Every structure is written in structure tokens, then in C-alpha cells.
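Student: One file: work-v3.cif (mmCIF, C-alpha atoms and all ligand atoms).
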data_work
#
loop_
_atom_site.label_atom_id
_atom_site.label_comp_id
_atom_site.auth_asym_id
_atom_site.auth_seq_id
_atom_site.Cartn_x
_atom_site.Cartn_y
_atom_site.Cartn_z
CA MET O 17 23.50 -137.55 88.21
CA VAL O 18 26.60 -135.90 86.73
CA LYS O 19 28.79 -133.79 89.00
CA ILE O 20 31.18 -131.04 88.04
CA ASP O 21 32.97 -130.59 91.32
CA LYS O 22 30.03 -129.73 93.62
CA ILE O 23 27.62 -128.74 90.86
CA GLU O 24 24.95 -131.38 90.46
CA LEU O 25 23.47 -131.86 87.00
CA PRO O 26 20.81 -134.35 85.94
CA ASP O 27 21.74 -137.56 84.16
CA PHE O 28 22.98 -136.92 80.64
CA PRO O 29 22.88 -133.12 80.93
CA LEU O 30 22.39 -130.89 77.91
CA LEU O 31 24.76 -127.96 77.78
CA LEU O 32 24.30 -124.76 75.82
CA ALA O 33 27.55 -124.08 73.97
CA PRO O 34 29.34 -120.79 74.37
CA MET O 35 28.76 -118.81 71.17
CA GLU O 36 30.18 -115.37 70.50
CA ASP O 37 27.47 -112.90 69.50
CA VAL O 38 24.79 -115.51 70.23
CA SER O 39 24.93 -116.83 73.81
CA ASP O 40 24.03 -113.56 75.46
CA PRO O 41 21.52 -113.25 78.34
CA PRO O 42 18.39 -112.94 76.11
CA PHE O 43 19.30 -116.05 74.13
CA ARG O 44 20.32 -117.92 77.25
CA MET O 45 16.98 -117.11 78.84
CA VAL O 46 14.98 -118.88 76.14
CA CYS O 47 17.38 -121.84 76.18
CA LYS O 48 17.14 -122.15 79.94
CA GLU O 49 13.34 -122.10 79.82
CA ASN O 50 13.41 -124.88 77.27
CA GLY O 51 15.65 -127.24 79.16
CA ALA O 52 19.35 -126.32 78.94
CA ASP O 53 20.95 -127.81 82.06
CA LEU O 54 24.18 -125.85 82.04
CA MET O 55 24.96 -122.76 80.01
CA TYR O 56 28.04 -120.80 79.12
CA THR O 57 28.56 -117.17 78.27
CA GLU O 58 30.12 -116.02 75.02
CA PHE O 59 33.90 -116.18 75.27
CA ILE O 60 35.58 -113.23 76.94
CA SER O 61 39.04 -111.98 76.14
CA SER O 62 41.29 -112.04 79.19
CA GLU O 63 43.13 -108.99 77.87
CA GLY O 64 39.82 -107.22 77.30
CA LEU O 65 38.73 -107.93 80.85
CA ILE O 66 41.94 -106.58 82.26
CA ARG O 67 41.69 -103.42 80.16
CA ASP O 68 38.11 -103.18 81.39
CA ALA O 69 36.85 -103.06 77.81
CA ILE O 70 33.10 -102.44 77.81
CA LYS O 71 32.36 -105.37 75.50
CA SER O 72 34.22 -107.83 77.70
CA ARG O 73 32.76 -106.47 80.89
CA ARG O 74 29.19 -106.68 79.55
CA LYS O 75 29.68 -110.36 78.90
CA LEU O 76 30.12 -110.92 82.63
CA ASP O 77 26.43 -110.16 83.21
CA ILE O 78 24.79 -113.24 84.60
CA PHE O 79 21.48 -113.73 86.39
CA ASP O 80 20.50 -116.02 89.22
CA TYR O 81 17.82 -117.81 87.21
CA GLU O 82 20.54 -118.93 84.79
CA ARG O 83 22.38 -121.06 87.32
CA PRO O 84 24.34 -123.20 86.91
CA ILE O 85 26.22 -120.98 84.52
CA GLY O 86 29.85 -120.84 83.43
CA ILE O 87 31.81 -117.85 82.23
CA GLN O 88 34.23 -118.61 79.44
CA ILE O 89 37.54 -116.79 79.01
CA PHE O 90 40.33 -117.08 76.47
CA GLY O 91 43.88 -115.89 76.19
CA GLY O 92 47.42 -117.06 75.54
CA ASP O 93 49.26 -115.47 78.43
CA GLU O 94 49.47 -116.97 81.91
CA GLU O 95 49.44 -113.72 83.81
CA SER O 96 46.51 -112.25 81.90
CA LEU O 97 44.46 -115.41 82.19
CA ALA O 98 45.16 -115.62 85.92
CA LEU O 99 44.16 -112.00 86.42
CA ALA O 100 41.05 -112.45 84.27
CA ALA O 101 40.13 -115.47 86.39
CA LYS O 102 40.27 -113.26 89.49
CA ILE O 103 37.98 -110.71 87.85
CA VAL O 104 35.53 -113.48 86.89
CA ASP O 105 35.61 -114.78 90.45
CA VAL O 106 34.08 -111.58 91.74
CA THR O 107 31.03 -111.96 89.49
CA ASN O 108 30.35 -115.33 91.11
CA PRO O 109 29.37 -117.69 88.31
CA ASP O 110 29.14 -121.41 89.08
CA LEU O 111 32.21 -122.27 87.06
CA LEU O 112 34.90 -120.82 84.89
CA ASP O 113 35.62 -122.30 81.47
CA ILE O 114 38.76 -121.82 79.40
CA ASN O 115 38.42 -121.73 75.62
CA PHE O 116 41.13 -123.72 73.88
CA GLY O 117 38.98 -124.32 70.82
CA CYS O 118 38.34 -121.11 68.93
CA PRO O 119 39.73 -121.62 65.42
CA VAL O 120 39.54 -118.13 63.96
CA LYS O 121 42.76 -116.41 62.97
CA LYS O 122 42.22 -113.40 65.18
CA VAL O 123 42.31 -115.72 68.22
CA ALA O 124 44.09 -118.98 67.28
CA GLY O 125 46.67 -117.13 65.17
CA LYS O 126 47.66 -115.12 68.24
CA GLY O 127 48.31 -118.21 70.33
CA ALA O 128 44.98 -118.29 72.15
CA GLY O 129 41.88 -120.49 71.66
CA ALA O 130 42.72 -123.52 69.50
CA GLY O 131 46.19 -122.02 68.92
CA VAL O 132 47.15 -123.39 72.32
CA LEU O 133 46.57 -126.95 71.03
CA LYS O 134 49.92 -126.66 69.27
CA ASP O 135 51.78 -126.31 72.56
CA LEU O 136 50.56 -128.70 75.19
CA ASP O 137 53.04 -127.54 77.82
CA LEU O 138 51.72 -124.01 77.43
CA MET O 139 48.14 -125.30 77.66
CA VAL O 140 48.97 -127.00 80.94
CA ARG O 141 50.70 -123.89 82.30
CA LEU O 142 47.78 -121.65 81.33
CA THR O 143 45.26 -124.00 82.88
CA ASP O 144 47.31 -124.39 86.03
CA ALA O 145 47.56 -120.60 86.34
CA VAL O 146 43.76 -120.28 86.10
CA VAL O 147 43.05 -123.13 88.51
CA LYS O 148 45.38 -121.55 91.07
CA SER O 149 43.82 -118.08 90.70
CA THR O 150 40.20 -118.92 91.29
CA ARG O 151 38.06 -120.63 93.88
CA LEU O 152 35.65 -121.66 91.11
CA PRO O 153 35.67 -125.08 89.45
CA VAL O 154 37.54 -124.74 86.15
CA THR O 155 36.41 -126.53 83.00
CA VAL O 156 37.91 -126.54 79.50
CA LYS O 157 36.42 -126.59 76.02
CA THR O 158 38.61 -127.62 73.15
CA ARG O 159 38.88 -129.49 69.84
CA LEU O 160 40.46 -132.82 68.88
CA GLY O 161 43.78 -131.19 68.03
CA TRP O 162 45.36 -128.67 65.69
CA ASP O 163 45.09 -130.73 62.50
CA ASP O 164 44.75 -134.29 61.24
CA ASN O 165 48.36 -135.05 62.09
CA SER O 166 48.20 -133.79 65.62
CA LYS O 167 45.01 -135.02 67.26
CA ASN O 168 46.29 -134.85 70.83
CA ILE O 169 43.00 -134.73 72.75
CA GLU O 170 43.73 -137.91 74.72
CA GLU O 171 46.91 -136.45 76.15
CA VAL O 172 45.23 -133.07 76.59
CA ALA O 173 42.48 -134.65 78.70
CA GLU O 174 44.88 -136.51 80.99
CA ARG O 175 47.19 -133.58 81.53
CA LEU O 176 44.44 -131.04 82.12
CA GLN O 177 42.71 -133.37 84.55
CA ASP O 178 46.02 -133.69 86.36
CA VAL O 179 46.24 -129.92 86.86
CA GLY O 180 42.74 -129.82 88.28
CA ILE O 181 40.06 -129.17 85.67
CA LYS O 182 36.65 -130.52 86.67
CA ALA O 183 35.10 -131.27 83.24
CA LEU O 184 36.08 -131.23 79.60
CA SER O 185 33.91 -130.43 76.56
CA ILE O 186 35.28 -131.65 73.26
CA HIS O 187 34.19 -130.41 69.83
CA GLY O 188 34.90 -133.34 67.49
CA ARG O 189 36.82 -131.34 64.90
CA THR O 190 40.38 -130.12 64.56
CA ARG O 191 41.30 -126.47 64.29
CA ALA O 192 42.23 -126.99 60.64
CA GLN O 193 38.73 -128.24 59.95
CA MET O 194 37.07 -125.09 61.26
CA TYR O 195 33.44 -126.18 60.66
CA LYS O 196 34.04 -128.38 57.65
CA GLY O 197 33.27 -132.07 57.42
CA GLU O 198 31.48 -134.00 60.07
CA ALA O 199 32.39 -133.94 63.75
CA ASP O 200 34.21 -137.15 64.66
CA TRP O 201 33.06 -138.44 68.02
CA THR O 202 35.19 -141.59 68.08
CA LEU O 203 38.11 -139.81 69.75
CA ILE O 204 35.73 -138.17 72.22
CA ALA O 205 34.57 -141.68 73.15
CA LYS O 206 38.17 -142.79 73.57
CA VAL O 207 38.78 -140.00 76.06
CA LYS O 208 35.60 -140.92 77.90
CA ASN O 209 36.58 -144.58 78.05
CA ASN O 210 40.11 -143.95 79.24
CA PRO O 211 40.13 -145.51 82.74
CA ARG O 212 42.45 -142.71 83.95
CA ILE O 213 39.79 -140.11 83.22
CA HIS O 214 37.30 -139.48 86.02
CA ILE O 215 36.00 -135.98 85.18
CA PRO O 216 32.81 -135.63 83.09
CA ILE O 217 33.41 -135.60 79.34
CA PHE O 218 30.90 -133.70 77.23
CA GLY O 219 30.65 -134.34 73.50
CA ASN O 220 30.04 -131.49 71.08
CA GLY O 221 29.56 -131.15 67.36
CA ASP O 222 26.67 -131.45 64.93
CA ILE O 223 23.89 -132.53 67.28
CA ASP O 224 20.75 -131.36 65.50
CA SER O 225 17.99 -133.81 66.45
CA PRO O 226 16.71 -135.89 69.37
CA GLN O 227 17.46 -139.07 67.43
CA LYS O 228 21.07 -138.12 66.86
CA ALA O 229 21.49 -137.09 70.49
CA LEU O 230 20.23 -140.46 71.76
CA SER O 231 22.18 -142.45 69.22
CA TYR O 232 25.41 -140.58 70.11
CA LYS O 233 24.69 -141.04 73.80
CA ASN O 234 24.47 -144.78 73.30
CA LYS O 235 27.27 -145.08 70.81
CA TYR O 236 29.88 -142.83 72.41
CA GLY O 237 28.97 -143.05 76.10
CA VAL O 238 29.67 -139.39 76.89
CA ASP O 239 28.43 -137.88 80.14
CA GLY O 240 26.37 -135.26 78.35
CA ILE O 241 26.25 -133.24 75.19
CA MET O 242 26.83 -129.62 74.34
CA ILE O 243 24.64 -128.01 71.71
CA GLY O 244 25.48 -124.89 69.77
CA ARG O 245 24.12 -124.06 66.34
CA ALA O 246 21.00 -126.22 66.60
CA ALA O 247 19.72 -124.04 69.44
CA ILE O 248 19.94 -120.82 67.42
CA GLY O 249 16.32 -119.94 66.73
CA TYR O 250 15.31 -123.36 68.01
CA PRO O 251 15.73 -123.47 71.81
CA TRP O 252 13.15 -126.28 71.88
CA ILE O 253 15.95 -128.66 70.87
CA PHE O 254 16.79 -129.11 74.57
CA ARG O 255 13.33 -130.18 75.70
CA GLU O 256 12.91 -132.32 72.56
CA ILE O 257 16.12 -134.23 73.27
CA LYS O 258 15.26 -134.61 76.94
CA HIS O 259 11.86 -135.99 76.16
CA TYR O 260 13.17 -138.37 73.53
CA VAL O 261 15.97 -139.68 75.75
CA GLN O 262 13.51 -140.27 78.60
CA THR O 263 10.57 -141.73 76.65
CA GLY O 264 11.76 -142.70 73.16
CA GLU O 265 9.02 -140.49 71.75
CA LEU O 266 9.27 -137.35 69.71
CA LEU O 267 7.56 -134.23 70.99
CA ALA O 268 5.31 -132.40 68.57
CA ALA O 269 6.95 -129.40 66.90
CA PRO O 270 6.42 -126.10 68.75
CA THR O 271 3.22 -124.42 67.64
CA VAL O 272 3.13 -121.04 65.92
CA GLU O 273 1.90 -119.55 69.18
CA GLU O 274 4.89 -120.95 71.06
CA ARG O 275 7.28 -119.70 68.42
CA VAL O 276 5.85 -116.22 68.54
CA ASN O 277 5.83 -116.20 72.34
CA VAL O 278 9.45 -117.27 72.63
CA CYS O 279 10.44 -114.78 69.96
CA ARG O 280 8.64 -112.04 71.87
CA GLN O 281 10.28 -113.06 75.13
CA HIS O 282 13.69 -112.99 73.44
CA LEU O 283 12.93 -109.55 72.00
CA ARG O 284 11.82 -108.12 75.34
CA LYS O 285 14.87 -109.40 77.16
CA SER O 286 17.08 -108.06 74.36
CA ILE O 287 15.59 -104.62 74.77
CA GLU O 288 15.78 -104.80 78.53
CA TRP O 289 19.41 -105.86 78.49
CA LYS O 290 20.78 -104.04 75.44
CA GLY O 291 18.55 -100.99 75.28
CA PRO O 292 15.92 -100.33 72.59
CA ILE O 293 18.18 -99.53 69.63
CA VAL O 294 20.74 -102.32 69.91
CA GLY O 295 18.13 -104.70 71.33
CA ILE O 296 15.86 -104.31 68.31
CA ASN O 297 18.74 -104.34 65.82
CA GLU O 298 20.41 -107.45 67.16
CA MET O 299 17.12 -109.29 67.39
CA ARG O 300 16.73 -109.04 63.61
CA ARG O 301 19.03 -111.97 62.93
CA HIS O 302 16.76 -114.28 64.92
CA TYR O 303 13.37 -113.85 63.23
CA ALA O 304 14.14 -116.03 60.21
CA ASN O 305 14.98 -118.97 62.46
CA TYR O 306 12.04 -118.57 64.83
CA LEU O 307 9.53 -118.30 62.02
CA LYS O 308 11.11 -120.83 59.68
CA GLY O 309 8.68 -123.11 57.88
CA LEU O 310 5.69 -120.74 57.87
CA PRO O 311 4.46 -120.33 54.27
CA GLY O 312 4.40 -116.74 53.06
CA ILE O 313 6.25 -115.47 56.14
CA LYS O 314 8.68 -113.41 54.06
CA ASP O 315 6.60 -110.22 54.10
CA TYR O 316 6.24 -110.34 57.87
CA ARG O 317 9.95 -111.03 58.21
CA ASN O 318 10.85 -108.09 55.99
CA ARG O 319 8.81 -105.83 58.21
CA LEU O 320 10.29 -107.30 61.38
CA VAL O 321 13.83 -106.55 60.25
CA THR O 322 13.12 -102.94 59.30
CA LEU O 323 10.85 -101.70 62.09
CA LYS O 324 12.49 -99.58 64.73
CA ASN O 325 10.28 -99.63 67.77
CA MET O 326 9.13 -102.35 70.06
CA GLU O 327 5.37 -101.76 69.76
CA GLU O 328 5.54 -102.04 65.99
CA VAL O 329 7.65 -105.19 66.08
CA GLU O 330 5.30 -106.74 68.64
CA GLY O 331 2.39 -105.70 66.44
CA VAL O 332 3.81 -107.78 63.57
CA LEU O 333 4.36 -110.70 65.92
CA ASP O 334 0.71 -110.41 67.00
CA GLU O 335 -0.34 -110.51 63.34
CA VAL O 336 1.72 -113.66 62.77
CA ALA O 337 0.13 -115.29 65.82
CA VAL O 338 -3.38 -114.47 64.61
CA ASN O 339 -2.94 -115.14 60.91
CA TYR O 340 -1.18 -118.48 61.38
CA LYS O 341 -3.23 -119.59 64.38
CA ASP O 342 -4.54 -122.71 62.66
CA PHE O 343 -1.36 -123.61 60.83
CA VAL O 344 0.03 -126.95 62.01
CA MET O 345 3.80 -126.87 62.21
CA GLU O 346 5.66 -129.93 60.97
CA ARG O 347 8.91 -130.77 62.66
CA GLN O 348 11.64 -129.67 60.29
CA ALA O 349 15.25 -130.69 59.98
CA ILE O 350 17.53 -128.12 61.60
CA GLU O 351 20.09 -126.66 59.27
CA LEU O 352 23.57 -126.33 60.78
CA VAL O 353 25.29 -123.33 59.29
CA ASN O 354 28.89 -123.73 58.23
CA TYR O 355 30.50 -120.84 60.03
CA HIS O 356 33.76 -121.30 58.16
CA GLU O 357 32.90 -118.66 55.59
CA ASN O 358 30.77 -116.28 57.57
CA CYS O 359 31.92 -116.74 61.14
CA PRO O 360 31.06 -113.54 62.98
CA LEU O 361 34.29 -113.58 64.99
C1 LIG Y 1 28.41 -118.21 66.02
C2 LIG Y 1 29.30 -119.10 66.82
C3 LIG Y 1 30.07 -118.57 67.84
C4 LIG Y 1 30.89 -119.41 68.61
N1 LIG Y 1 31.58 -118.86 69.67
C5 LIG Y 1 32.25 -119.70 70.53
C6 LIG Y 1 32.80 -119.20 71.74
O1 LIG Y 1 32.70 -118.02 72.08
N2 LIG Y 1 33.45 -120.09 72.54
C7 LIG Y 1 33.57 -121.42 72.21
O2 LIG Y 1 34.16 -122.19 72.98
N3 LIG Y 1 33.03 -121.91 71.09
C8 LIG Y 1 32.36 -121.09 70.25
N4 LIG Y 1 31.74 -121.60 69.16
C9 LIG Y 1 31.77 -123.06 68.93
C10 LIG Y 1 30.57 -123.74 69.58
O3 LIG Y 1 30.60 -123.60 70.98
C11 LIG Y 1 30.53 -125.25 69.23
O4 LIG Y 1 31.71 -125.84 69.70
C12 LIG Y 1 30.43 -125.50 67.74
O5 LIG Y 1 29.46 -124.67 67.14
C13 LIG Y 1 30.09 -126.97 67.45
O6 LIG Y 1 28.88 -127.33 68.05
P1 LIG Y 1 27.49 -127.41 67.22
O7 LIG Y 1 27.73 -128.32 66.05
O8 LIG Y 1 26.50 -127.95 68.20
O9 LIG Y 1 27.21 -126.02 66.76
C14 LIG Y 1 30.94 -120.79 68.35
C15 LIG Y 1 30.17 -121.30 67.33
C16 LIG Y 1 29.35 -120.50 66.57
C17 LIG Y 1 28.51 -121.11 65.50
#
Translate the structure of the given file into C-alpha cells.
Ligand SMILES: Cc1cc2nc3c(=O)[nH]c(=O)nc-3n(C[C@H](O)[C@H](O)[C@H](O)COP(=O)(O)O)c2cc1C

Tutor:
Amino acid sequence: MVKIDKIELPDFPLLLAPMEDVSDPPFRMVCKENGADLMYTEFISSEGLIRDAIKSRRKLDIFDYERPIGIQIFGGDEESLALAAKIVDVTNPDLLDINFGCPVKKVAGKGAGAGVLKDLDLMVRLTDAVVKSTRLPVTVKTRLGWDDNSKNIEEVAERLQDVGIKALSIHGRTRAQMYKGEADWTLIAKVKNNPRIHIPIFGNGDIDSPQKALSYKNKYGVDGIMIGRAAIGYPWIFREIKHYVQTGELLAAPTVEERVNVCRQHLRKSIEWKGPIVGINEMRRHYANYLKGLPGIKDYRNRLVTLKNMEEVEGVLDEVAVNYKDFVMERQAIELVNYHENCPL
């Protein structure tokens, strides 16, 4: 068992990464149902929360069936972060996570997210301010360092543990790397193996198959792994990894029926949570992933991304289920998108 303060997680837990514009309640629902052990919200601007911006406030929506769930905030100012932590407290998640990893200019360039990696004293002060303002366990998600010449994650881990964080998730890239190159887990392993470190250390970056998850578990010894891009349109990654770690056997790929059902569930929750117009619009980016690998699916997909009402969209999904009923899905390699060029942030 892995414990984050009083939160009990199974051995080698699988975490759903916080992802702006992705990790919303509809997406989290399908990940939870397919085995995510701990999930995070999209990141929330501390300034936005304080201003009571609608977008920030919406991101505080969490549901009991999602527990344990963490709300992630970001910011570069002690007072704002502390106040945001108090606002988060009221919504009663299981934990509060601070983002010190976001690399995009709009965030890191303003001294928040990964920008804080350049000033460790500030990072410690910000974290301390949050820890002191909330009764929730505080966790942090960050990167290896700002750039190749300043990979300070080992010091970051010790100092943040000293001010009271209860777990640390590390994306094995620097800020300068954005999403380029391969995630380097050797430094994550060093943090994990530091005898001074007693909080759980979660590895993150490029996990896209059960085999890789198990091999990284064995090689790097982390307490659990956090999965981001691989879960987009493929929430089955969680149950596949779980099964493989427990039995050494690969699960069969999800059937067409399962894909359509999960897609439908995602759509319904989107509409329920976002309303019919936004719910249907924002669902459009997911069809390609859910239906990937089906020959001749393009025409269905084109209809799915233009239709405007739920009955029609569900009608197309019904057609897919019927017309591909006997198609045997092969397990396909998951493609990890490089968000460097087209990051939605
Ligand atoms: C679309 C997108 C949005 C992201 N938004 C956030 C975010 O809000 N907070 C955060 O800490 N990381 C964010 N990340 C980074 C992921 O949590 C994760 O660290 C990164 O994608 C590497 O993991 P992966 O290789 O499993 O995708 C985002 C990543 C993507 C692809």
C-alpha cells in the first residue's frame, strides 16, 4: 500500500495526470472506471480563483465517485496561492497539488509553473505558504529542473519534503525540453532512492504501454506512475497496466463495443456537465482517439464532428457499434503527441 498522508492507495498506484483542457469531470469519469487510482483536476490559476473567474471556479467541480482526487493550483505569489488554497479547502478534495511544472510561456514566463524551478527559495516559500493555509495534504508536481544545466530536482525534493509536502510527482523532462526528447527517469530514481526521502515519489513521462510501465517500475523503483497523454482517448491504459503488473499478461484490446460505450459515456457526461452546445463541441476532439484503428471510420468521424445534437451523434455511434460488431481490434501502439508545437495552453 502507498500512503499520501492518510490517503491509502493500492500498491504501485496509477495516477491520472492533471491536463489542462483534458482532465475535466467527463474525462476523469472514464479514467476512473478503467482503473485510475488517484486523479487530478486541470490546473487552476490562483489569481483566477481569487477573482472568481468562471473558468477557474468550474474546475473546482469534483464528485464523490472520483475520490481520491486532488485539485491542482498554480501561481507565483505567496499570498495568492495561500488564498487560493483556502478556497480549494472549502470544496473538500482529498488533496491539494501545486503545479511547478507547466512549461508554457504564459505561465512559466510569469514566474509560475516551471518558472519557479529557477528560484528554489521562492518555491519553498510558496509551498510553505500553501501548506500553512490548508488542512489538506499538499503534493507537488514538477520537472527535473529549468534546463540541462540546472537539474535541481534532488534538492527540490528534500526541501519541499522539509516544508511538509506529502508526495511528489516528477515529469522526467526539464522546462527547456517542453515535450521534446525522451523523459529521463534516472534522476527520478535518484530522488526515490535518496534515504532522506520518505514521501511517495511518482514518476511521470512517456508511459504508453503496460510493458513500459512494468519495466520502469522495476528499473526505477518509483512508488507509482502518473499517466497523461496515453490516457487521452485510451482510458483502458490504466486497467491494462494493472493487469500486466499483477499477472504478466496482456489484456486483449478493448472491443469496438467497449470503445463505443465509453465514448458514449464520455459524451453524456460532457453534455450533463458542460451543457449541450459546449458538451457536444468539446467532445469532437475525442472521437478520433476512441475510434482509432477502425478501417473506413473516417466518414463516421466526419459526421460525428459536425453533428449538433446528442441523438444524432448517438445515432452515429450506434451505427459504428452495429457495422463493426464483428471487427476484431488489435492492440495498437499509443501515439504520444508532442505538445510543444500545439500545446493548447
Ligand atoms: C494537453 C496537456 C495539458 C497539460 N496540462 C497540465 C496541467 O494542467 N498541469 C500539470 O501539472 N501538467 C499538465 N500537463 C503535463 C502532464 O501532466 C504530464 O506531466 C505530461 O504530459 C507528461 O506525461 P505523459 O508523457 O504521460 O503525457 C499537460 C499535458 C498535456 C499533454

Student: Using only C-alpha atoms, which protein or nucleic acid residues come within 7 Å of Lys75 (chain O)? Drop anything in the same chain fewer than 2 positions from it, and give the result as a compact mmCIF listing (two decimals) with C-alpha atoms, keeping the file's coordinate frame.

Tutor:
# COMPACT_ATOMS: atom_id res chain seq x y z
CA THR O 57 28.56 -117.17 78.27
CA GLU O 58 30.12 -116.02 75.02
CA ILE O 60 35.58 -113.23 76.94
CA LYS O 71 32.36 -105.37 75.50
CA SER O 72 34.22 -107.83 77.70
CA ARG O 73 32.76 -106.47 80.89
CA ASP O 77 26.43 -110.16 83.21

Student: What separation in Å, quoted to one decimal, exists between CA of His187 (chain O) and CA of Leu133 (chain O)?

Tutor: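 Distance reported for this atom pair: 12.9 Å.
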
Student: List every protein, DNA or RNA residue with an atom no more than 9 Å from (17.3, -107.2, 68.7) in the file's coordinates, counting only C-alpha atoms, and format the result as a PyMOL selection string.

Tutor: chain O and resi 282-284+286-287+290+292-302

Student: Could you list, as an MDAnalysis selection string, every residue within 12 Å of Val104 (chain O), counting all atoms listed in the file and ignoring same-chain residues fewer than 2 positions away?

Tutor: chainID O and resid 57 60:62 65:66 68 72:78 86:89 97:102 106:114 146 149:154

Student: Can you tell me, as lines of an AutoDock Vina configuration file, the centre and edge lengths (Å, one decimal) of the axis-aligned box enclosing all of ligand LIG 1 (chain Y)'s listed atoms after padding each side by 8 Å?

Tutor:
center_x = 30.3
center_y = -123.2
center_z = 69.2
size_x = 23.7
size_y = 26.3
size_z = 23.5

Student: Please identify all polymer residues within 10 Å of region 253-269 of chain O, counting all atoms listed in the file, omitting same-chain residues fewer than 4 positions from it, and present them as number ranges by chain.

Tutor: O: 28-32, 47-53, 223-231, 233, 243, 246-249, 274-275, 344-348, 350

Student: Write to file, as a compact mmCIF listing (two decimals), in the coordinates of the input, the residues of the selection just made, with C-alpha atoms.

Tutor:
# COMPACT_ATOMS: atom_id res chain seq x y z
CA PHE O 28 22.98 -136.92 80.64
CA PRO O 29 22.88 -133.12 80.93
CA LEU O 30 22.39 -130.89 77.91
CA LEU O 31 24.76 -127.96 77.78
CA LEU O 32 24.30 -124.76 75.82
CA CYS O 47 17.38 -121.84 76.18
CA LYS O 48 17.14 -122.15 79.94
CA GLU O 49 13.34 -122.10 79.82
CA ASN O 50 13.41 -124.88 77.27
CA GLY O 51 15.65 -127.24 79.16
CA ALA O 52 19.35 -126.32 78.94
CA ASP O 53 20.95 -127.81 82.06
CA ILE O 223 23.89 -132.53 67.28
CA ASP O 224 20.75 -131.36 65.50
CA SER O 225 17.99 -133.81 66.45
CA PRO O 226 16.71 -135.89 69.37
CA GLN O 227 17.46 -139.07 67.43
CA LYS O 228 21.07 -138.12 66.86
CA ALA O 229 21.49 -137.09 70.49
CA LEU O 230 20.23 -140.46 71.76
CA SER O 231 22.18 -142.45 69.22
CA LYS O 233 24.69 -141.04 73.80
CA ILE O 243 24.64 -128.01 71.71
CA ALA O 246 21.00 -126.22 66.60
CA ALA O 247 19.72 -124.04 69.44
CA ILE O 248 19.94 -120.82 67.42
CA GLY O 249 16.32 -119.94 66.73
CA GLU O 274 4.89 -120.95 71.06
CA ARG O 275 7.28 -119.70 68.42
CA VAL O 344 0.03 -126.95 62.01
CA MET O 345 3.80 -126.87 62.21
CA GLU O 346 5.66 -129.93 60.97
CA ARG O 347 8.91 -130.77 62.66
CA GLN O 348 11.64 -129.67 60.29
CA ILE O 350 17.53 -128.12 61.60

Student: What does the distance between CA of Pro216 (chain O) and CA of Asn354 (chain O) come to in Å, to one decimal place?

Tutor: 27.8 Å

Student: In terms of the shortest atom-to-atom distance over only C-alpha atoms, which of O:Val321, O:Leu203, O:Val353, O:Val46 is closest to Tyr81 (chain O)?

Tutor: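 Closest to Tyr81 (chain O) of all the choices is O:Val46.
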
Student: Given the choices O:Ile217, O:Leu352, O:Val132, O:Ala183, which gets closest to ligand LIG 1 (chain Y) if the distance is worked out from all atoms listed in the file?

Tutor: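 Residue with the minimum atom-to-atom distance to ligand LIG 1 (chain Y): O:Leu352.
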
Student: Find the distance between CA of Gly237 (chain O) and CA of Val38 (chain O) and write it in Å to one decimal.

Tutor: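 Calculated distance between CA of Gly237 (chain O) and CA of Val38 (chain O) is 28.5 Å.
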
Student: Ranking O:Gly117, O:Gly64, O:Gly127, O:Pro42 by minimum distance to ligand LIG 1 (chain Y) and counting all atoms listed in the file, which one comes first?

Tutor: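 Using all atoms listed in the file, the shortest distance to ligand LIG 1 (chain Y) belongs to O:Gly117.
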
Student: Give the answer as one residue: which of O:Leu307, O:Ile103, O:Ile23, O:Ala205 has the shortest atom-to-atom distance to Leu320 (chain O), using only C-alpha atoms?

Tutor: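 Checking each candidate against Leu320 (chain O), we get O:Leu307 as the closest.
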
Student: Determine, counting all atoms listed in the file, which protein, DNA and RNA residues have an atom within 10 Å of an atom of Val238 (chain O); residues of the same chain fewer than 4 positions away are not included. Present the result as a ChimeraX atom specification.

Tutor: /O:28,185,201,204-209,216-220,232-234

Student: With distances taken over only C-alpha atoms and all ligand atoms, which residue among O:Pro41, O:Pro34, O:Gly331, O:Gly131 lies nearest ligand LIG 1 (chain Y)?

Tutor: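 Smallest distance to ligand LIG 1 (chain Y) is found for O:Pro34.
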
Student: Given only C-alpha atoms as the basis, pick out the residue of O:Phe59, O:Gly221, O:Ile213, O:Lys285 nearest to Gly197 (chain O).

Tutor: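 Comparing O:Phe59, O:Gly221, O:Ile213, O:Lys285 against Gly197 (chain O), the winner is O:Gly221.
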